[in-house]
Amino acid sequence: MDTTVSNEDFLATVAEKSHGAALRGDYASADAQYVVQQDWAAYTEEEHALWRRLYQRQMALLPGRACNEFIEALQGLNAADGIPQFEATSKKLEAATGWTIVAVPGLIPELTFFDHLANRRFPVTVWLRKPEEFNYIVEPDVFHDFFGHVPLLFNPVFADYMQRYGQGGLKAMQLGGLDQLARLYWYTVEFGLINTPEGLRIYGAGILSSGGEVEYCLTPGTTSRHIHLDIKRCLNTLYKIDTYQETYFVINSFDELFEGTAPDFTPYYEELKSKTPYPANSLLDGETELLPG
Ligand code: PHE
Ligand code: CO
C-alpha cells in the first residue's frame with residue numbers, strides 16, 4: 001500500500017479542521033514519512049531545565065500510581081537530566097522489543113502514524129512546550145511523547161499491542177472505522193488504567209505526562225467512572241479532549257488487552273455504524289464502578 005501523504009495535503013486538512021490554526025512544528029524538512037532529524041544540539045539550556053522540572057514533578061507523583069512496568073523502564077532511560085537523545089534510547093529499545101523511535105515535527109497524518117506503528121516505529125515530536133505551558137499543552141510535545149509513551153514500549157506485550165493497533169488503523173481507514181478505533185487508542189494508550197494486586201495503576205501516556213490527572217484519575221469520589229474495559233463498549237464511547245476524562249477503562253493485564261483486540265473488528269465497525277455513541281460519562285446497566293467513593 002502507498003502510505004505517503006503530501007505535506008501540502010496534510011497541512012491543508014489540519015488548517016481546515018482547526019479553522020485555520022496552524023500546527024506549530026517545522027514540517028519543511030520532513031521526509032515522505034514525516035521523519036526529521038532531532039538536532040539535539042539545538043535545544044537550549046532553558047529547554048533542558050524545563051524538561052528537568054517536568055520530569056521531577058512527574059517523578060514525585062508516580063510512585064504508587066504508575067504501573068511498575070512504566071516506572072522500571074523509565075528508570076533505565078536516564079532521562080532525568082535533560083531532553084534525551086532519541087538515538088541512544090532507540091538503540092536500547094530496539095534491543096529490548098524491536099521498536100525504534102523516529103523524530104517527527106509534531107502531529108502527522110493518520111495513515112503515516114499507523115504505518116509507523118505497524119512497522120514498530122514510534123514517532124516522537126522534537127519540540128518542547130514553553131514554560132507557560134508547564135501544566136497544560138494542546139498539541140503533544142517531546143515530554144508527552146517521550147516520557148509518556150516510550151517506557152511501555154519496553155514491555156513485550158504492550159509493544160505487540162501497539163504494532164497491532166497500527167495494522168488495525170490501516171484496516172479501519174478502509175472500513176470507515178477510524179472514529180471508533182481512535183476511541184480505543186484514547187482510552188487505552190493515552191488514558192488507560194490497569195488493575196494490580198496493589199490497586200489501580202496508570203499506564204496511559206496522557207495521564208502519566210500530566211501534572212493534575214495523575215492524582216485525579218485515582219481519587220475516589222470524583223464524578224469520573226472507572227470501569228472494566230470492554231472493547232466494543234469502548235469503541236462506541238465518546239471522549240473529552242479538554243477536561244480530565246469522565247471515564248477510565250481498566251484492564252486486568254496487558255495480555256488481556258492484547259487478546260481482547262485480536263479478533264477481526266470488521267463486524268464491530270459494521271454494527272456500530274448504526275449506533276449512537278455513548279456519552280463520555282455513561283455507566284451502563286451491569287457495569288460496576290471500580291473506584292467507588
Ligand atoms: N483486531 C483489530 C482488527 O481486526 C485490529 C486491532 C488490533 C485494533 C489491536 C486495535 C488494537 O481490526
Ligand atoms: Co500521546
# chains A, B, ... in the order shown; residues from 1 in each chain; ligands from 1
>>> residues_near_ligand(ligand="ligand 2", cutoff="12 Å", atoms="only C-alpha atoms and all ligand atoms", output="compact mmCIF listing (two decimals) with N, CA, C and O atoms, in the first residue's frame")
# COMPACT_ATOMS: atom_id res chain seq x y z
N GLY A 106 5.77 17.00 14.79
CA GLY A 106 4.55 17.22 15.57
C GLY A 106 3.52 16.21 15.09
O GLY A 106 3.88 15.10 14.68
N LEU A 107 2.25 16.59 15.15
CA LEU A 107 1.19 15.69 14.68
C LEU A 107 1.45 15.33 13.22
O LEU A 107 1.94 16.16 12.44
N PHE A 113 1.01 7.79 10.65
CA PHE A 113 1.13 7.36 12.03
C PHE A 113 0.92 5.85 12.14
O PHE A 113 1.73 5.12 12.74
N PHE A 122 8.05 4.30 16.70
CA PHE A 122 7.19 5.23 17.42
C PHE A 122 7.62 6.68 17.13
O PHE A 122 8.76 7.06 17.39
N PRO A 123 6.69 7.49 16.58
CA PRO A 123 7.02 8.88 16.26
C PRO A 123 7.03 9.76 17.52
O PRO A 123 6.04 9.78 18.27
N VAL A 124 8.12 10.45 17.75
CA VAL A 124 8.24 11.35 18.90
C VAL A 124 8.48 12.78 18.40
O VAL A 124 9.40 13.03 17.62
N THR A 125 7.64 13.69 18.85
CA THR A 125 7.74 15.11 18.50
C THR A 125 9.05 15.69 19.02
O THR A 125 9.46 15.39 20.15
N ILE A 137 -0.92 21.56 27.78
CA ILE A 137 -0.48 21.78 26.41
C ILE A 137 -1.50 21.17 25.46
O ILE A 137 -2.10 20.14 25.75
N VAL A 138 -1.72 21.84 24.32
CA VAL A 138 -2.77 21.38 23.40
C VAL A 138 -2.24 20.26 22.50
O VAL A 138 -2.80 19.17 22.44
N GLU A 139 -1.14 20.55 21.77
CA GLU A 139 -0.55 19.52 20.91
C GLU A 139 0.49 18.74 21.71
O GLU A 139 1.16 19.31 22.55
N PRO A 140 0.65 17.45 21.42
CA PRO A 140 1.67 16.68 22.12
C PRO A 140 3.08 17.20 21.82
O PRO A 140 3.39 17.51 20.67
N ASP A 141 3.92 17.31 22.85
CA ASP A 141 5.31 17.73 22.66
C ASP A 141 6.25 16.58 23.02
O ASP A 141 5.79 15.45 23.28
N VAL A 142 7.56 16.87 23.05
CA VAL A 142 8.53 15.80 23.29
C VAL A 142 8.37 15.23 24.70
O VAL A 142 8.59 14.04 24.92
N PHE A 143 7.94 16.04 25.66
CA PHE A 143 7.78 15.49 27.00
C PHE A 143 6.64 14.47 27.03
O PHE A 143 6.77 13.36 27.54
N HIS A 144 5.51 14.84 26.47
CA HIS A 144 4.41 13.86 26.43
C HIS A 144 4.82 12.61 25.64
O HIS A 144 4.63 11.49 26.12
N ASP A 145 5.33 12.81 24.44
CA ASP A 145 5.60 11.66 23.57
C ASP A 145 6.69 10.75 24.13
O ASP A 145 6.55 9.52 24.12
N PHE A 146 7.75 11.35 24.63
CA PHE A 146 8.87 10.52 25.09
C PHE A 146 8.62 9.97 26.48
O PHE A 146 8.65 8.75 26.71
N PHE A 147 8.37 10.86 27.41
CA PHE A 147 8.18 10.44 28.80
C PHE A 147 6.93 9.56 28.92
O PHE A 147 6.94 8.52 29.59
N GLY A 148 5.87 9.95 28.27
CA GLY A 148 4.60 9.25 28.42
C GLY A 148 4.55 7.91 27.69
O GLY A 148 4.02 6.93 28.21
N HIS A 149 5.07 7.89 26.45
CA HIS A 149 4.85 6.72 25.60
C HIS A 149 6.01 5.72 25.54
O HIS A 149 5.78 4.53 25.41
N VAL A 150 7.24 6.24 25.55
CA VAL A 150 8.37 5.35 25.23
C VAL A 150 8.58 4.22 26.27
O VAL A 150 8.82 3.07 25.89
N ALA A 182 -10.08 5.15 17.04
CA ALA A 182 -9.39 6.23 17.75
C ALA A 182 -9.81 6.28 19.22
O ALA A 182 -9.02 6.64 20.09
N TYR A 185 -7.69 3.86 21.19
CA TYR A 185 -6.36 4.41 21.46
C TYR A 185 -6.43 5.38 22.63
O TYR A 185 -5.63 5.34 23.56
N TRP A 186 -7.40 6.25 22.56
CA TRP A 186 -7.57 7.27 23.60
C TRP A 186 -7.72 6.63 24.99
O TRP A 186 -7.04 7.00 25.94
N TYR A 187 -8.62 5.66 25.07
CA TYR A 187 -8.95 5.08 26.37
C TYR A 187 -7.98 4.00 26.84
O TYR A 187 -8.08 3.53 27.97
N THR A 188 -7.05 3.59 26.00
CA THR A 188 -6.04 2.63 26.45
C THR A 188 -4.66 3.30 26.43
O THR A 188 -4.15 3.68 27.47
N VAL A 189 -4.10 3.53 25.25
CA VAL A 189 -2.74 4.06 25.14
C VAL A 189 -2.59 5.42 25.84
O VAL A 189 -1.57 5.70 26.46
N GLU A 190 -3.60 6.26 25.76
CA GLU A 190 -3.48 7.59 26.36
C GLU A 190 -4.01 7.68 27.80
O GLU A 190 -3.43 8.36 28.64
N PHE A 191 -5.13 7.02 28.08
CA PHE A 191 -5.76 7.22 29.39
C PHE A 191 -6.10 5.91 30.11
O PHE A 191 -6.99 5.89 30.97
N GLY A 192 -5.35 4.84 29.81
CA GLY A 192 -5.68 3.56 30.40
C GLY A 192 -5.21 3.38 31.84
O GLY A 192 -4.17 3.90 32.24
N TYR A 203 -1.31 3.33 33.18
CA TYR A 203 -0.37 3.04 32.10
C TYR A 203 -0.54 3.98 30.90
O TYR A 203 0.27 4.01 29.99
N GLY A 204 -1.59 4.80 30.89
CA GLY A 204 -1.86 5.70 29.76
C GLY A 204 -0.94 6.92 29.76
O GLY A 204 -0.79 7.61 30.77
N ALA A 205 -0.36 7.19 28.58
CA ALA A 205 0.64 8.26 28.45
C ALA A 205 0.05 9.65 28.69
O ALA A 205 0.74 10.54 29.20
N GLY A 206 -1.19 9.85 28.34
CA GLY A 206 -1.82 11.15 28.53
C GLY A 206 -1.94 11.50 30.00
O GLY A 206 -1.87 12.67 30.39
N ILE A 207 -2.13 10.48 30.83
CA ILE A 207 -2.17 10.73 32.27
C ILE A 207 -0.76 10.85 32.82
O ILE A 207 -0.45 11.75 33.59
N LEU A 208 0.12 9.93 32.42
CA LEU A 208 1.46 9.88 33.00
C LEU A 208 2.27 11.14 32.75
O LEU A 208 3.17 11.47 33.51
N SER A 209 1.96 11.88 31.69
CA SER A 209 2.69 13.11 31.40
C SER A 209 1.94 14.35 31.88
O SER A 209 2.33 15.47 31.59
N SER A 210 0.83 14.14 32.62
CA SER A 210 0.02 15.28 33.05
C SER A 210 0.22 15.57 34.53
O SER A 210 0.21 14.66 35.36
N ILE A 241 -11.58 15.97 25.14
CA ILE A 241 -10.17 16.30 24.88
C ILE A 241 -9.71 17.51 25.69
O ILE A 241 -8.53 17.82 25.74
>>> residues_around(residues="region 35-48 of chain A", least_positions_apart="5", cutoff="9 Å", atoms="only C-alpha atoms", output="PyMOL selection string")
chain A and resi 27+29-30+53+81-87+102-105+123+125-131
>>> select_by_dssp(residues="region 66-276 of chain A", states="strand (DSSP E or B)", output="PyMOL selection string")
chain A and resi 66+100-104+121-125+193-196+199-202+225-228+237+247-251
>>> residues_around(residues="region 153-165 of chain A", least_positions_apart="4", cutoff="9 Å", atoms="only C-alpha atoms", output="ChimeraX atom specification")
/A:69-70,73,92-94,96-99,114,116-122,149,169-170,181,185,189,254-255,257-259,261-262
>>> write_last_selection(atoms="N, CA and C atoms", output="PDB file, in the first residue's frame")
ATOM      1  N   GLU A  69       5.699  -1.521  35.363  1.00  0.00           N
ATOM      2  CA  GLU A  69       6.355  -1.669  34.056  1.00  0.00           C
ATOM      3  C   GLU A  69       6.840  -0.309  33.555  1.00  0.00           C
ATOM      4  N   PHE A  70       6.022   0.717  33.777  1.00  0.00           N
ATOM      5  CA  PHE A  70       6.396   2.065  33.330  1.00  0.00           C
ATOM      6  C   PHE A  70       7.574   2.590  34.138  1.00  0.00           C
ATOM      7  N   ALA A  73      10.948   0.800  33.427  1.00  0.00           N
ATOM      8  CA  ALA A  73      11.535   1.114  32.120  1.00  0.00           C
ATOM      9  C   ALA A  73      12.049   2.552  32.087  1.00  0.00           C
ATOM     10  N   LYS A  92      18.497   1.153  22.670  1.00  0.00           N
ATOM     11  CA  LYS A  92      18.112   0.293  23.800  1.00  0.00           C
ATOM     12  C   LYS A  92      16.767  -0.367  23.534  1.00  0.00           C
ATOM     13  N   LEU A  93      15.861   0.435  22.994  1.00  0.00           N
ATOM     14  CA  LEU A  93      14.512  -0.057  22.741  1.00  0.00           C
ATOM     15  C   LEU A  93      14.529  -1.146  21.670  1.00  0.00           C
ATOM     16  N   GLU A  94      15.324  -0.924  20.654  1.00  0.00           N
ATOM     17  CA  GLU A  94      15.394  -1.907  19.575  1.00  0.00           C
ATOM     18  C   GLU A  94      15.912  -3.247  20.096  1.00  0.00           C
ATOM     19  N   ALA A  96      15.515  -4.322  23.082  1.00  0.00           N
ATOM     20  CA  ALA A  96      14.536  -4.907  24.003  1.00  0.00           C
ATOM     21  C   ALA A  96      13.329  -5.494  23.280  1.00  0.00           C
ATOM     22  N   THR A  97      12.712  -4.734  22.390  1.00  0.00           N
ATOM     23  CA  THR A  97      11.457  -5.188  21.775  1.00  0.00           C
ATOM     24  C   THR A  97      11.402  -5.002  20.263  1.00  0.00           C
ATOM     25  N   GLY A  98      12.492  -4.540  19.657  1.00  0.00           N
ATOM     26  CA  GLY A  98      12.474  -4.372  18.204  1.00  0.00           C
ATOM     27  C   GLY A  98      11.799  -3.077  17.748  1.00  0.00           C
ATOM     28  N   TRP A  99      11.386  -2.224  18.698  1.00  0.00           N
ATOM     29  CA  TRP A  99      10.824  -0.919  18.326  1.00  0.00           C
ATOM     30  C   TRP A  99      11.960   0.083  18.174  1.00  0.00           C
ATOM     31  N   PHE A 114      -0.151   5.352  11.553  1.00  0.00           N
ATOM     32  CA  PHE A 114      -0.442   3.910  11.602  1.00  0.00           C
ATOM     33  C   PHE A 114       0.679   3.112  10.940  1.00  0.00           C
ATOM     34  N   HIS A 116       3.834   3.893  10.722  1.00  0.00           N
ATOM     35  CA  HIS A 116       4.980   3.806  11.636  1.00  0.00           C
ATOM     36  C   HIS A 116       4.735   2.732  12.693  1.00  0.00           C
ATOM     37  N   LEU A 117       3.578   2.769  13.316  1.00  0.00           N
ATOM     38  CA  LEU A 117       3.302   1.790  14.381  1.00  0.00           C
ATOM     39  C   LEU A 117       3.332   0.362  13.836  1.00  0.00           C
ATOM     40  N   ALA A 118       2.732   0.173  12.679  1.00  0.00           N
ATOM     41  CA  ALA A 118       2.676  -1.170  12.099  1.00  0.00           C
ATOM     42  C   ALA A 118       4.075  -1.709  11.817  1.00  0.00           C
ATOM     43  N   ASN A 119       5.044  -0.798  11.676  1.00  0.00           N
ATOM     44  CA  ASN A 119       6.441  -1.192  11.449  1.00  0.00           C
ATOM     45  C   ASN A 119       7.306  -1.010  12.699  1.00  0.00           C
ATOM     46  N   ARG A 120       6.658  -0.954  13.831  1.00  0.00           N
ATOM     47  CA  ARG A 120       7.336  -0.843  15.132  1.00  0.00           C
ATOM     48  C   ARG A 120       8.254   0.362  15.223  1.00  0.00           C
ATOM     49  N   ARG A 121       7.763   1.483  14.688  1.00  0.00           N
ATOM     50  CA  ARG A 121       8.472   2.768  14.856  1.00  0.00           C
ATOM     51  C   ARG A 121       7.545   3.706  15.619  1.00  0.00           C
ATOM     52  N   PHE A 122       8.053   4.304  16.695  1.00  0.00           N
ATOM     53  CA  PHE A 122       7.194   5.231  17.421  1.00  0.00           C
ATOM     54  C   PHE A 122       7.619   6.678  17.134  1.00  0.00           C
ATOM     55  N   HIS A 149       5.072   7.892  26.455  1.00  0.00           N
ATOM     56  CA  HIS A 149       4.853   6.717  25.601  1.00  0.00           C
ATOM     57  C   HIS A 149       6.008   5.723  25.545  1.00  0.00           C
ATOM     58  N   GLY A 169      -5.291   0.178  12.422  1.00  0.00           N
ATOM     59  CA  GLY A 169      -5.613   1.529  11.953  1.00  0.00           C
ATOM     60  C   GLY A 169      -5.681   1.588  10.431  1.00  0.00           C
ATOM     61  N   LEU A 170      -4.708   0.949   9.781  1.00  0.00           N
ATOM     62  CA  LEU A 170      -4.701   0.930   8.316  1.00  0.00           C
ATOM     63  C   LEU A 170      -5.969   0.252   7.804  1.00  0.00           C
ATOM     64  N   LEU A 181     -11.987   3.319  16.215  1.00  0.00           N
ATOM     65  CA  LEU A 181     -10.674   2.823  16.628  1.00  0.00           C
ATOM     66  C   LEU A 181      -9.891   3.884  17.405  1.00  0.00           C
ATOM     67  N   TYR A 185      -7.693   3.858  21.195  1.00  0.00           N
ATOM     68  CA  TYR A 185      -6.358   4.405  21.458  1.00  0.00           C
ATOM     69  C   TYR A 185      -6.430   5.377  22.629  1.00  0.00           C
ATOM     70  N   VAL A 189      -4.100   3.529  25.255  1.00  0.00           N
ATOM     71  CA  VAL A 189      -2.739   4.055  25.144  1.00  0.00           C
ATOM     72  C   VAL A 189      -2.589   5.422  25.837  1.00  0.00           C
ATOM     73  N   PHE A 254      -1.853  -6.578  30.456  1.00  0.00           N
ATOM     74  CA  PHE A 254      -1.589  -6.257  29.053  1.00  0.00           C
ATOM     75  C   PHE A 254      -1.951  -7.445  28.167  1.00  0.00           C
ATOM     76  N   ASP A 255      -1.831  -8.644  28.705  1.00  0.00           N
ATOM     77  CA  ASP A 255      -2.260  -9.819  27.936  1.00  0.00           C
ATOM     78  C   ASP A 255      -3.751  -9.738  27.609  1.00  0.00           C
ATOM     79  N   LEU A 257      -5.524  -7.095  27.266  1.00  0.00           N
ATOM     80  CA  LEU A 257      -5.703  -6.073  26.232  1.00  0.00           C
ATOM     81  C   LEU A 257      -5.329  -6.632  24.860  1.00  0.00           C
ATOM     82  N   PHE A 258      -4.217  -7.331  24.819  1.00  0.00           N
ATOM     83  CA  PHE A 258      -3.723  -7.871  23.558  1.00  0.00           C
ATOM     84  C   PHE A 258      -4.700  -8.908  23.004  1.00  0.00           C
ATOM     85  N   GLU A 259      -5.187  -9.760  23.886  1.00  0.00           N
ATOM     86  CA  GLU A 259      -6.104 -10.800  23.421  1.00  0.00           C
ATOM     87  C   GLU A 259      -7.473 -10.244  23.052  1.00  0.00           C
ATOM     88  N   THR A 261      -8.105  -7.528  21.665  1.00  0.00           N
ATOM     89  CA  THR A 261      -8.081  -6.815  20.387  1.00  0.00           C
ATOM     90  C   THR A 261      -7.645  -7.717  19.230  1.00  0.00           C
ATOM     91  N   ALA A 262      -7.471  -9.013  19.524  1.00  0.00           N
ATOM     92  CA  ALA A 262      -7.082  -9.953  18.463  1.00  0.00           C
ATOM     93  C   ALA A 262      -8.182 -10.187  17.427  1.00  0.00           C
TER      94      ALA A 262
END
>>> select_by_dssp(residues="region 246-282 of chain A", states="helix (DSSP H, G or I)", output="number ranges by chain")
A: 254-260, 266-272
>>> write_last_selection(atoms="C-alpha atoms", output="PDB file, in the first residue's frame")
ATOM      1  CA  PHE A 254      -1.589  -6.257  29.053  1.00  0.00           C
ATOM      2  CA  ASP A 255      -2.260  -9.819  27.936  1.00  0.00           C
ATOM      3  CA  GLU A 256      -5.967  -9.209  28.375  1.00  0.00           C
ATOM      4  CA  LEU A 257      -5.703  -6.073  26.232  1.00  0.00           C
ATOM      5  CA  PHE A 258      -3.723  -7.871  23.558  1.00  0.00           C
ATOM      6  CA  GLU A 259      -6.104 -10.800  23.421  1.00  0.00           C
ATOM      7  CA  GLY A 260      -9.229  -8.646  23.510  1.00  0.00           C
ATOM      8  CA  THR A 266     -14.879  -5.650  10.764  1.00  0.00           C
ATOM      9  CA  PRO A 267     -18.202  -6.787  12.276  1.00  0.00           C
ATOM     10  CA  TYR A 268     -17.758  -4.347  15.185  1.00  0.00           C
ATOM     11  CA  TYR A 269     -17.469  -1.394  12.822  1.00  0.00           C
ATOM     12  CA  GLU A 270     -20.433  -2.690  10.854  1.00  0.00           C
ATOM     13  CA  GLU A 271     -22.576  -2.971  13.952  1.00  0.00           C
ATOM     14  CA  LEU A 272     -21.535   0.371  15.445  1.00  0.00           C
TER      15      LEU A 272
END
>>> atom_distance(atom1="CA of Gly177 (chain A)", atom2="CA of Phe249 (chain A)")
20.0 Å
>>> residues_around(residues="region 3-10 of chain A", least_positions_apart="2", cutoff="9 Å", atoms="only C-alpha atoms", output="MDAnalysis selection string")
chainID A and resid 1 12:15 27:28 30 32:34 108:109 111:112 115
>>> closest_residue(among="A:Leu284, A:Ile251, A:Ala172, A:Pro292", to="ligand 1", atoms="only C-alpha atoms and all ligand atoms")
A:Ala172
>>> atom_distance(atom1="CA of Asp285 (chain A)", atom2="CA of Gly176 (chain A)")
28.3 Å
>>> atom_distance(atom1="atom 7 (C, counted along the ligand's line) of ligand 1", atom2="CA of Phe265 (chain A)")
8.0 Å
